[in-house]
$ cat entry33.cif   # mmCIF, C-alpha atoms and all ligand atoms
data_coords
#
loop_
_atom_site.label_atom_id
_atom_site.label_comp_id
_atom_site.auth_asym_id
_atom_site.auth_seq_id
_atom_site.Cartn_x
_atom_site.Cartn_y
_atom_site.Cartn_z
CA MET D 484 -10.84 -8.39 -34.39
CA GLU D 485 -12.26 -8.51 -30.86
CA HIS D 486 -9.74 -7.75 -28.17
CA THR D 487 -11.18 -4.87 -26.20
CA GLY D 488 -9.04 -4.40 -23.14
CA PRO D 489 -10.15 -4.99 -19.57
CA ASP D 490 -10.46 -2.44 -16.80
CA ILE D 491 -7.49 -2.37 -14.42
CA ARG D 492 -8.05 -2.06 -10.69
CA CYS D 493 -5.42 -1.38 -8.05
CA ALA D 494 -6.84 -1.73 -4.54
CA ASP D 495 -4.60 -0.40 -1.75
CA VAL D 496 -1.53 -1.46 -3.70
CA ALA D 497 1.81 -0.80 -2.02
CA LYS D 498 5.42 -1.80 -2.60
CA THR D 499 8.30 -1.69 -0.16
CA PHE D 500 11.75 -2.78 -1.30
CA GLY D 501 14.18 -4.33 1.18
CA GLY D 502 13.55 -4.56 4.91
CA GLY D 503 14.56 -3.19 8.29
CA THR D 504 16.57 0.02 8.28
CA THR D 505 17.21 -0.21 4.53
CA SER D 506 13.55 -0.57 3.52
CA LEU D 507 12.24 1.84 0.92
CA GLU D 508 8.55 2.56 0.39
CA ALA D 509 8.40 2.87 -3.42
CA VAL D 510 4.58 2.90 -3.60
CA ALA D 511 2.39 3.77 -0.61
CA PRO D 512 -1.12 2.30 -0.65
CA LEU D 513 -2.77 3.51 -3.85
CA THR D 514 -6.28 2.78 -5.07
CA LEU D 515 -6.73 3.42 -8.78
CA ASP D 516 -9.13 2.34 -11.52
CA PHE D 517 -8.30 2.48 -15.22
CA ALA D 518 -11.26 2.21 -17.56
CA ALA D 519 -11.39 -0.52 -20.19
CA GLY D 520 -10.07 0.56 -23.57
CA GLN D 521 -8.67 3.87 -22.32
CA MET D 522 -5.13 5.13 -22.56
CA THR D 523 -3.87 6.71 -19.35
CA ALA D 524 -0.59 8.59 -19.06
CA LEU D 525 1.20 8.50 -15.70
CA VAL D 526 3.32 11.56 -14.97
CA GLY D 527 5.17 12.56 -11.83
CA PRO D 528 8.60 13.42 -10.43
CA SER D 529 11.50 11.09 -11.04
CA GLY D 530 11.60 8.25 -8.50
CA CYS D 531 7.98 8.65 -7.35
CA GLY D 532 7.17 5.01 -8.13
CA LYS D 533 5.58 5.12 -11.62
CA SER D 534 7.69 2.29 -13.07
CA THR D 535 7.21 0.19 -9.95
CA LEU D 536 3.44 0.59 -10.27
CA LEU D 537 3.57 -0.35 -13.95
CA ARG D 538 5.78 -3.37 -13.23
CA MET D 539 3.33 -4.56 -10.57
CA ILE D 540 0.45 -4.24 -13.04
CA ALA D 541 2.56 -6.24 -15.53
CA GLY D 542 3.12 -8.96 -12.91
CA LEU D 543 6.89 -8.34 -12.97
CA GLU D 544 6.92 -7.17 -9.32
CA VAL D 545 4.77 -8.57 -6.54
CA PRO D 546 2.96 -5.92 -4.44
CA SER D 547 3.83 -5.89 -0.73
CA ALA D 548 0.14 -5.23 -0.04
CA GLY D 549 -3.14 -4.83 -1.88
CA GLN D 550 -4.51 -6.39 -5.02
CA ILE D 551 -4.29 -5.77 -8.74
CA THR D 552 -6.85 -7.17 -11.17
CA LEU D 553 -7.21 -6.80 -14.92
CA GLY D 554 -10.77 -7.55 -15.95
CA GLY D 555 -11.04 -9.53 -12.71
CA GLN D 556 -7.91 -11.59 -13.41
CA SER D 557 -4.45 -11.45 -11.88
CA PRO D 558 -1.56 -9.97 -13.89
CA GLN D 559 0.04 -13.42 -13.95
CA ASP D 560 -3.10 -14.96 -15.51
CA MET D 561 -3.17 -12.21 -18.13
CA GLN D 562 0.48 -12.86 -18.87
CA ARG D 563 -0.06 -16.60 -19.21
CA GLN D 564 -2.77 -15.89 -21.80
CA GLY D 565 -0.35 -13.66 -23.71
CA ALA D 566 -2.86 -10.82 -23.24
CA LEU D 567 -0.39 -8.33 -21.78
CA ALA D 568 2.56 -6.62 -23.47
CA MET D 569 5.10 -4.15 -22.16
CA ALA D 570 7.67 -1.88 -23.83
CA PHE D 571 10.49 -0.02 -22.11
CA GLN D 572 12.70 2.97 -22.85
CA ASP D 573 15.39 0.52 -23.95
CA ALA D 574 13.92 -1.57 -26.79
CA SER D 575 15.75 -4.65 -25.38
CA LEU D 576 15.71 -6.60 -28.63
CA LEU D 577 17.65 -9.81 -29.12
CA PRO D 578 20.78 -8.58 -30.96
CA TRP D 579 21.32 -11.79 -32.93
CA ARG D 580 17.79 -11.87 -34.31
CA SER D 581 16.54 -9.87 -37.26
CA VAL D 582 13.61 -7.44 -37.10
CA ARG D 583 11.41 -10.24 -38.42
CA GLY D 584 12.89 -12.73 -35.93
CA ASN D 585 12.39 -10.46 -32.93
CA ILE D 586 8.75 -9.82 -33.81
CA ALA D 587 7.99 -13.46 -34.65
CA LEU D 588 9.52 -14.58 -31.35
CA ALA D 589 6.94 -12.53 -29.40
CA ARG D 590 4.17 -14.66 -30.89
CA LYS D 591 6.02 -17.81 -29.91
CA LEU D 592 6.57 -16.60 -26.33
CA ALA D 593 2.83 -15.81 -26.12
CA ARG D 594 2.19 -19.41 -27.27
CA MET D 595 0.54 -18.20 -30.47
CA SER D 596 0.86 -20.07 -33.75
CA PRO D 597 3.44 -18.69 -36.19
CA ASP D 598 1.91 -16.27 -38.68
CA ALA D 599 4.45 -15.02 -41.22
CA ALA D 600 1.87 -12.84 -43.01
CA ALA D 601 0.88 -11.10 -39.76
CA VAL D 602 4.57 -10.43 -39.00
CA GLU D 603 5.17 -8.94 -42.48
CA ASP D 604 2.02 -6.84 -42.13
CA MET D 605 3.10 -5.56 -38.70
CA ILE D 606 6.56 -4.65 -40.05
CA ALA D 607 4.86 -2.57 -42.74
CA ARG D 608 2.47 -0.96 -40.26
CA VAL D 609 5.30 0.28 -38.05
CA GLY D 610 7.10 1.62 -41.12
CA LEU D 611 10.00 -0.83 -41.31
CA SER D 612 9.43 -2.39 -44.74
CA GLY D 613 12.81 -3.12 -46.29
CA PHE D 614 14.42 -3.72 -42.88
CA GLU D 615 12.97 -7.18 -42.23
CA ASP D 616 16.39 -8.86 -42.18
CA ALA D 617 18.28 -6.10 -40.36
CA ARG D 618 19.75 -6.81 -36.91
CA PRO D 619 19.09 -4.33 -34.05
CA ALA D 620 22.67 -2.95 -34.29
CA GLU D 621 21.93 -1.88 -37.88
CA LEU D 622 18.90 0.19 -36.83
CA SER D 623 18.56 3.72 -35.41
CA GLY D 624 17.17 4.20 -31.90
CA GLY D 625 13.78 5.21 -33.30
CA MET D 626 13.68 2.15 -35.55
CA ARG D 627 14.49 -0.10 -32.59
CA GLN D 628 11.54 1.39 -30.69
CA ARG D 629 9.35 0.69 -33.74
CA VAL D 630 10.39 -2.96 -33.49
CA ALA D 631 9.70 -2.94 -29.73
CA ILE D 632 6.16 -1.65 -30.35
CA ALA D 633 5.63 -4.13 -33.21
CA ARG D 634 6.76 -6.93 -30.91
CA CYS D 635 4.09 -5.82 -28.41
CA LEU D 636 1.29 -5.45 -30.95
CA ILE D 637 1.90 -8.70 -32.86
CA THR D 638 0.30 -10.61 -29.96
CA GLN D 639 -2.81 -8.38 -30.10
CA PRO D 640 -2.52 -7.62 -26.38
CA ARG D 641 -5.57 -6.54 -24.42
CA VAL D 642 -3.33 -4.56 -22.09
CA LEU D 643 -0.36 -2.50 -23.26
CA LEU D 644 2.06 -1.08 -20.70
CA LEU D 645 4.57 1.47 -21.93
CA ASP D 646 7.41 2.76 -19.75
CA GLU D 647 8.87 5.85 -21.43
CA PRO D 648 8.89 4.02 -24.78
CA PHE D 649 10.11 7.08 -26.69
CA GLY D 650 12.26 8.53 -23.90
CA ALA D 651 15.65 7.67 -25.38
CA VAL D 652 15.16 9.07 -28.88
CA ASP D 653 15.69 12.61 -30.11
CA GLU D 654 12.83 15.12 -30.05
CA LEU D 655 12.12 14.99 -33.81
CA THR D 656 12.01 11.20 -33.87
CA ARG D 657 9.84 11.21 -30.77
CA THR D 658 7.32 13.54 -32.40
CA ARG D 659 7.19 11.27 -35.44
CA LEU D 660 6.83 8.06 -33.39
CA ASN D 661 4.07 9.74 -31.39
CA LEU D 662 2.19 10.52 -34.58
CA GLU D 663 2.66 7.16 -36.28
CA LEU D 664 2.58 4.44 -33.62
CA PRO D 665 -0.24 5.17 -31.11
CA PRO D 666 -3.00 4.95 -33.77
CA LEU D 667 -1.97 1.29 -34.19
CA TRP D 668 -3.29 0.41 -30.76
CA GLN D 669 -5.73 3.26 -30.12
CA ALA D 670 -8.19 1.92 -32.69
CA SER D 671 -8.20 -1.57 -31.21
CA GLY D 672 -9.68 -0.81 -27.78
CA THR D 673 -6.55 -1.93 -25.92
CA THR D 674 -6.31 -0.67 -22.35
CA ALA D 675 -3.00 1.19 -22.28
CA LEU D 676 -0.93 2.80 -19.54
CA MET D 677 2.07 4.92 -20.43
CA VAL D 678 4.69 6.39 -18.12
CA THR D 679 6.11 9.54 -19.66
CA HIS D 680 8.20 12.52 -18.57
CA SER D 681 6.71 14.65 -21.31
CA VAL D 682 3.54 16.46 -20.27
CA ARG D 683 2.98 17.46 -23.90
CA GLU D 684 3.17 13.80 -24.99
CA ALA D 685 0.77 12.78 -22.20
CA VAL D 686 -1.82 15.35 -23.24
CA ALA D 687 -1.43 14.62 -26.95
CA LEU D 688 -1.79 10.83 -26.65
CA ALA D 689 -3.82 9.91 -23.60
CA ASP D 690 -7.52 9.91 -22.74
CA ARG D 691 -6.60 10.65 -19.15
CA VAL D 692 -3.51 12.00 -17.39
CA LEU D 693 -2.83 10.92 -13.83
CA VAL D 694 -0.39 13.20 -12.00
CA PHE D 695 1.59 11.90 -9.02
CA SER D 696 3.45 13.69 -6.22
CA SER D 697 6.97 12.63 -5.29
CA ARG D 698 7.57 9.38 -3.40
CA PRO D 699 5.51 7.96 -1.84
CA ALA D 700 3.25 8.97 -4.69
CA ARG D 701 -0.18 10.47 -4.11
CA VAL D 702 -2.51 11.38 -6.96
CA VAL D 703 -2.36 15.18 -7.23
CA GLY D 704 -4.17 15.48 -10.54
CA ASP D 705 -6.60 13.36 -12.55
CA ILE D 706 -7.27 15.11 -15.82
CA MET D 707 -9.51 13.78 -18.59
CA ILE D 708 -8.52 14.66 -22.16
CA PRO D 709 -11.73 14.88 -24.21
CA PRO D 710 -11.47 13.47 -27.75
CA GLU D 711 -12.31 16.86 -29.25
CA ALA D 712 -9.15 18.30 -27.63
CA ARG D 713 -6.99 16.11 -29.90
CA GLY D 714 -6.98 18.45 -32.85
CA ASP D 715 -7.39 21.65 -30.85
CA LYS D 716 -4.05 23.33 -30.09
CA ALA D 717 -5.48 25.93 -27.68
CA ARG D 718 -7.31 23.23 -25.72
CA GLN D 719 -4.19 21.07 -25.56
CA LEU D 720 -2.18 24.01 -24.27
CA ALA D 721 -4.76 24.68 -21.54
CA LEU D 722 -4.74 20.99 -20.53
CA THR D 723 -0.92 20.95 -20.52
CA GLU D 724 -0.99 23.93 -18.15
CA GLN D 725 -3.50 22.09 -15.96
CA VAL D 726 -1.14 19.08 -15.71
CA ASN D 727 1.85 21.34 -15.01
CA ALA D 728 -0.13 23.15 -12.31
CA ALA D 729 -0.96 19.81 -10.63
CA LEU D 730 2.73 18.81 -10.76
CA ALA D 731 3.77 22.16 -9.26
CA GLN D 732 1.13 21.92 -6.51
CA GLY D 733 2.40 18.39 -5.70
CA TRP D 734 5.96 19.74 -5.39
CA ALA D 735 4.82 22.66 -3.25
CA ASP D 736 2.89 20.30 -0.90
CA ASP D 737 5.89 17.95 -0.70
CA SER D 738 8.34 20.69 0.13
CA ALA D 739 5.98 22.26 2.70
CA GLN D 740 5.80 18.84 4.36
CA ALA D 741 9.56 18.29 4.20
CA HIS D 742 10.46 21.83 5.35
CA PRO D 743 7.53 23.13 7.44
CA TRP D 744 9.69 26.08 8.62
CA ALA D 745 9.93 27.35 5.04
CA ALA D 746 6.19 28.07 4.91
CA GLN D 747 6.25 30.18 8.08
N1 LIG D 801 14.26 -3.32 -7.47
C1 LIG D 801 14.37 -2.29 -6.63
N2 LIG D 801 15.01 -2.41 -5.47
C2 LIG D 801 15.13 -1.37 -4.61
N3 LIG D 801 14.61 -0.15 -4.84
C3 LIG D 801 13.97 0.03 -6.00
C4 LIG D 801 13.81 -1.02 -6.96
N4 LIG D 801 13.10 -0.53 -8.03
C5 LIG D 801 12.85 0.76 -7.73
N5 LIG D 801 13.35 1.10 -6.53
C6 LIG D 801 13.24 2.41 -5.88
O1 LIG D 801 11.86 2.73 -5.80
C7 LIG D 801 11.65 4.11 -6.02
C8 LIG D 801 10.66 4.29 -7.16
O2 LIG D 801 11.31 3.91 -8.37
P1 LIG D 801 10.57 3.92 -9.79
O3 LIG D 801 11.56 3.44 -10.79
O4 LIG D 801 9.30 3.20 -9.66
O5 LIG D 801 10.29 5.48 -9.96
P2 LIG D 801 9.83 6.27 -11.27
O6 LIG D 801 8.77 7.21 -10.82
O7 LIG D 801 9.49 5.33 -12.36
O8 LIG D 801 11.16 7.06 -11.61
P3 LIG D 801 11.71 7.60 -13.03
O9 LIG D 801 10.68 8.56 -13.52
O10 LIG D 801 13.00 8.28 -12.66
O11 LIG D 801 11.90 6.42 -13.91
C9 LIG D 801 13.01 4.73 -6.28
O12 LIG D 801 13.47 5.31 -5.08
C10 LIG D 801 13.87 3.54 -6.68
O13 LIG D 801 15.21 3.74 -6.29
#
$ encode --input "entry33.cif" --output "structure tokens"
Amino acid sequence: MEHTGPDIRCADVAKTFGGGTTSLEAVAPLTLDFAAGQMTALVGPSGCGKSTLLRMIAGLEVPSAGQITLGGQSPQDMQRQGALAMAFQDASLLPWRSVRGNIALARKLARMSPDAAAVEDMIARVGLSGFEDARPAELSGGMRQRVAIARCLITQPRVLLLDEPFGAVDELTRTRLNLELPPLWQASGTTALMVTHSVREAVALADRVLVFSSRPARVVGDIMIPPEARGDKARQLALTEQVNAALAQGWADDSAQAHPWAAQ
């Protein structure tokens, strides 16, 4: 199956909400490149603009300035081709549709032909066999996130955008979802971006961790996670400390800027 993801380029991308005295600069001009087929985790203080950046890459928000391209195409073009999928903290499933119905609908929305066998196979791959006919209200939070990921993957997206997909489930469930679900897209060469508040999760799952300062976000750390670090606890711990140090440095810079007297 050939669906290696594209590179993603953000050139001087900015977003300001509102106007006049009430305007809010959510993202100041940022230039970022994400390599094709890589998974990048975006971490940074709450409110620094991570979700806004992700939503602009998804084509759900229009940048106030700059340009975003995915393999040379606009986010809207990627969306029209059904090549882009996004999952949020809240699984946002249709409550009246079954697990099967929610997943099948994603194919329809991406203008793909129905494929009952692919839907059954995807249900099994995310570990929901036996729950095909269940409605979202009959599922646990973790199971609903499994459906949300299945709904993304059923369209074989070339770009996968994840906004805290496991943020609303308990720690044990999160650990399990982190072990079971990412291999489903990691093997396929999909270009993935994931916003997460968990530094441990970022280091465990991503090929690269991008660390932002508080709003307006600057990149304060850009840390590659070599494949050999995956199974190496000591290496992961060292990388986690590196990400935490970048976050702390970002905070220190921000507060020195906000309160210059404090540094004197
Ligand atoms: N639609 C909107 N209208 C006005 N302001 C918005 C809108 N969406 C986001 N913002 C503001 O933009 C800023 C960045 O928000 P964003 O959700 O991108 O941050 P974040 O880094 O994802 O935060 P968190 O980690 O808490 O989810 C915040 O100050 C937020 O209040």
$ closest_atom_pairs --input "entry33.cif" --of "range 655-683 of chain D" --to "range 713-722 of chain D" --cutoff "12 Å" --atoms "only C-alpha atoms" --output "JSON lines"
{"residue": "D:Leu662", "atom": "CA", "partner": "D:Arg713", "partner_atom": "CA", "distance": 11.7}
{"residue": "D:Val682", "atom": "CA", "partner": "D:Leu722", "partner_atom": "CA", "distance": 9.4}
{"residue": "D:Arg683", "atom": "CA", "partner": "D:Gln719", "partner_atom": "CA", "distance": 8.2}
$ closest_residue --input "entry33.cif" --among "D:Glu544, D:Asp737, D:Glu508, D:Glu711" --to "Ser697 in chain D" --atoms "all atoms listed in the file"
D:Asp737
$ closest_residue --input "entry33.cif" --among "D:Ala497, D:Ala633, D:Leu537, D:Met522" --to "ligand LIG 801 (chain D)" --atoms "all atoms listed in the file"
D:Leu537
$ residues_near_ligand --input "entry33.cif" --ligand "ligand LIG 801 (chain D)" --cutoff "6 Å" --atoms "all atoms listed in the file" --output "VMD selection string"
chain D and resid 500 509 529 to 535
$ closest_residue --input "entry33.cif" --among "D:Gly503, D:Pro578, D:Gly565, D:Gly527" --to "Ala617 in chain D" --atoms "all atoms listed in the file"
D:Pro578
$ atom_distance --input "entry33.cif" --atom1 "CA of Met561 in chain D" --atom2 "CA of Thr674 in chain D"
12.7 Å
$ atom_distance --input "entry33.cif" --atom1 "CA of Leu567 in chain D" --atom2 "CA of Ser581 in chain D"
23.0 Å
$ residues_around --input "entry33.cif" --residues "Ala518 in chain D" --least-positions-apart "3" --cutoff "9 Å" --atoms "only C-alpha atoms" --output "short mmCIF file (atom, residue, chain, number, x, y, z; two decimals) with C-alpha atoms, keeping the file's coordinate frame"
data_model
loop_
_atom_site.label_atom_id
_atom_site.label_comp_id
_atom_site.auth_asym_id
_atom_site.auth_seq_id
_atom_site.Cartn_x
_atom_site.Cartn_y
_atom_site.Cartn_z
CA GLY D 488 -9.04 -4.40 -23.14
CA PRO D 489 -10.15 -4.99 -19.57
CA ASP D 490 -10.46 -2.44 -16.80
CA ILE D 491 -7.49 -2.37 -14.42
CA ARG D 492 -8.05 -2.06 -10.69
CA GLN D 521 -8.67 3.87 -22.32
CA MET D 522 -5.13 5.13 -22.56
CA THR D 523 -3.87 6.71 -19.35
CA THR D 674 -6.31 -0.67 -22.35
#
$ closest_residue --input "entry33.cif" --among "D:Pro710, D:Ala511, D:Leu644, D:Ala541" --to "Thr499 in chain D" --atoms "all atoms listed in the file"
D:Ala511
$ atom_distance --input "entry33.cif" --atom1 "CA of Val686 in chain D" --atom2 "CA of Lys498 in chain D"
27.8 Å
$ residues_around --input "entry33.cif" --residues "Val702 in chain D" --least-positions-apart "6" --cutoff "9 Å" --atoms "only C-alpha atoms" --output "ChimeraX atom specification"
/D:513,693-696,733
$ residues_around --input "entry33.cif" --residues "range 656-658 of chain D" --least-positions-apart "3" --cutoff "10 Å" --atoms "all atoms listed in the file" --output "ChimeraX atom specification"
/D:624-626,628,648-653,661-663,684
$ write_last_selection --input "entry33.cif" --atoms "C-alpha atoms" --output "PDB file, in the frame of the given file"
ATOM      1  CA  GLY D 624      17.170   4.200 -31.900  1.00  0.00           C
ATOM      2  CA  GLY D 625      13.780   5.210 -33.300  1.00  0.00           C
ATOM      3  CA  MET D 626      13.680   2.150 -35.550  1.00  0.00           C
ATOM      4  CA  GLN D 628      11.540   1.390 -30.690  1.00  0.00           C
ATOM      5  CA  PRO D 648       8.890   4.020 -24.780  1.00  0.00           C
ATOM      6  CA  PHE D 649      10.110   7.080 -26.690  1.00  0.00           C
ATOM      7  CA  GLY D 650      12.260   8.530 -23.900  1.00  0.00           C
ATOM      8  CA  ALA D 651      15.650   7.670 -25.380  1.00  0.00           C
ATOM      9  CA  VAL D 652      15.160   9.070 -28.880  1.00  0.00           C
ATOM     10  CA  ASP D 653      15.690  12.610 -30.110  1.00  0.00           C
ATOM     11  CA  ASN D 661       4.070   9.740 -31.390  1.00  0.00           C
ATOM     12  CA  LEU D 662       2.190  10.520 -34.580  1.00  0.00           C
ATOM     13  CA  GLU D 663       2.660   7.160 -36.280  1.00  0.00           C
ATOM     14  CA  GLU D 684       3.170  13.800 -24.990  1.00  0.00           C
TER      15      GLU D 684
END
$ closest_residue --input "entry33.cif" --among "D:Ile586, D:Ile551, D:Ile637, D:Ile540" --to "Thr514 in chain D" --atoms "all atoms listed in the file"
D:Ile551
$ closest_residue --input "entry33.cif" --among "D:Ala700, D:Val692, D:Ile632, D:Ala620" --to "Val496 in chain D" --atoms "only C-alpha atoms"
D:Ala700
$ residues_near_point --input "entry33.cif" --point "(19.2, -8.0, -32.4)" --cutoff "9 Å" --atoms "all atoms listed in the file" --output "list in words"
Ser575, Leu576, Leu577, Pro578, Trp579, Arg580, Ser581, Val582, Gly584, Asn585, Ala617, Arg618, Pro619, Ala620 and Glu621 of chain D
$ residues_near_point --input "entry33.cif" --point "(-2.4, -0.5, -34.8)" --cutoff "12 Å" --atoms "only C-alpha atoms" --output "PyMOL selection string"
chain D and resi 484+604-610+629+632-640+643+662-673
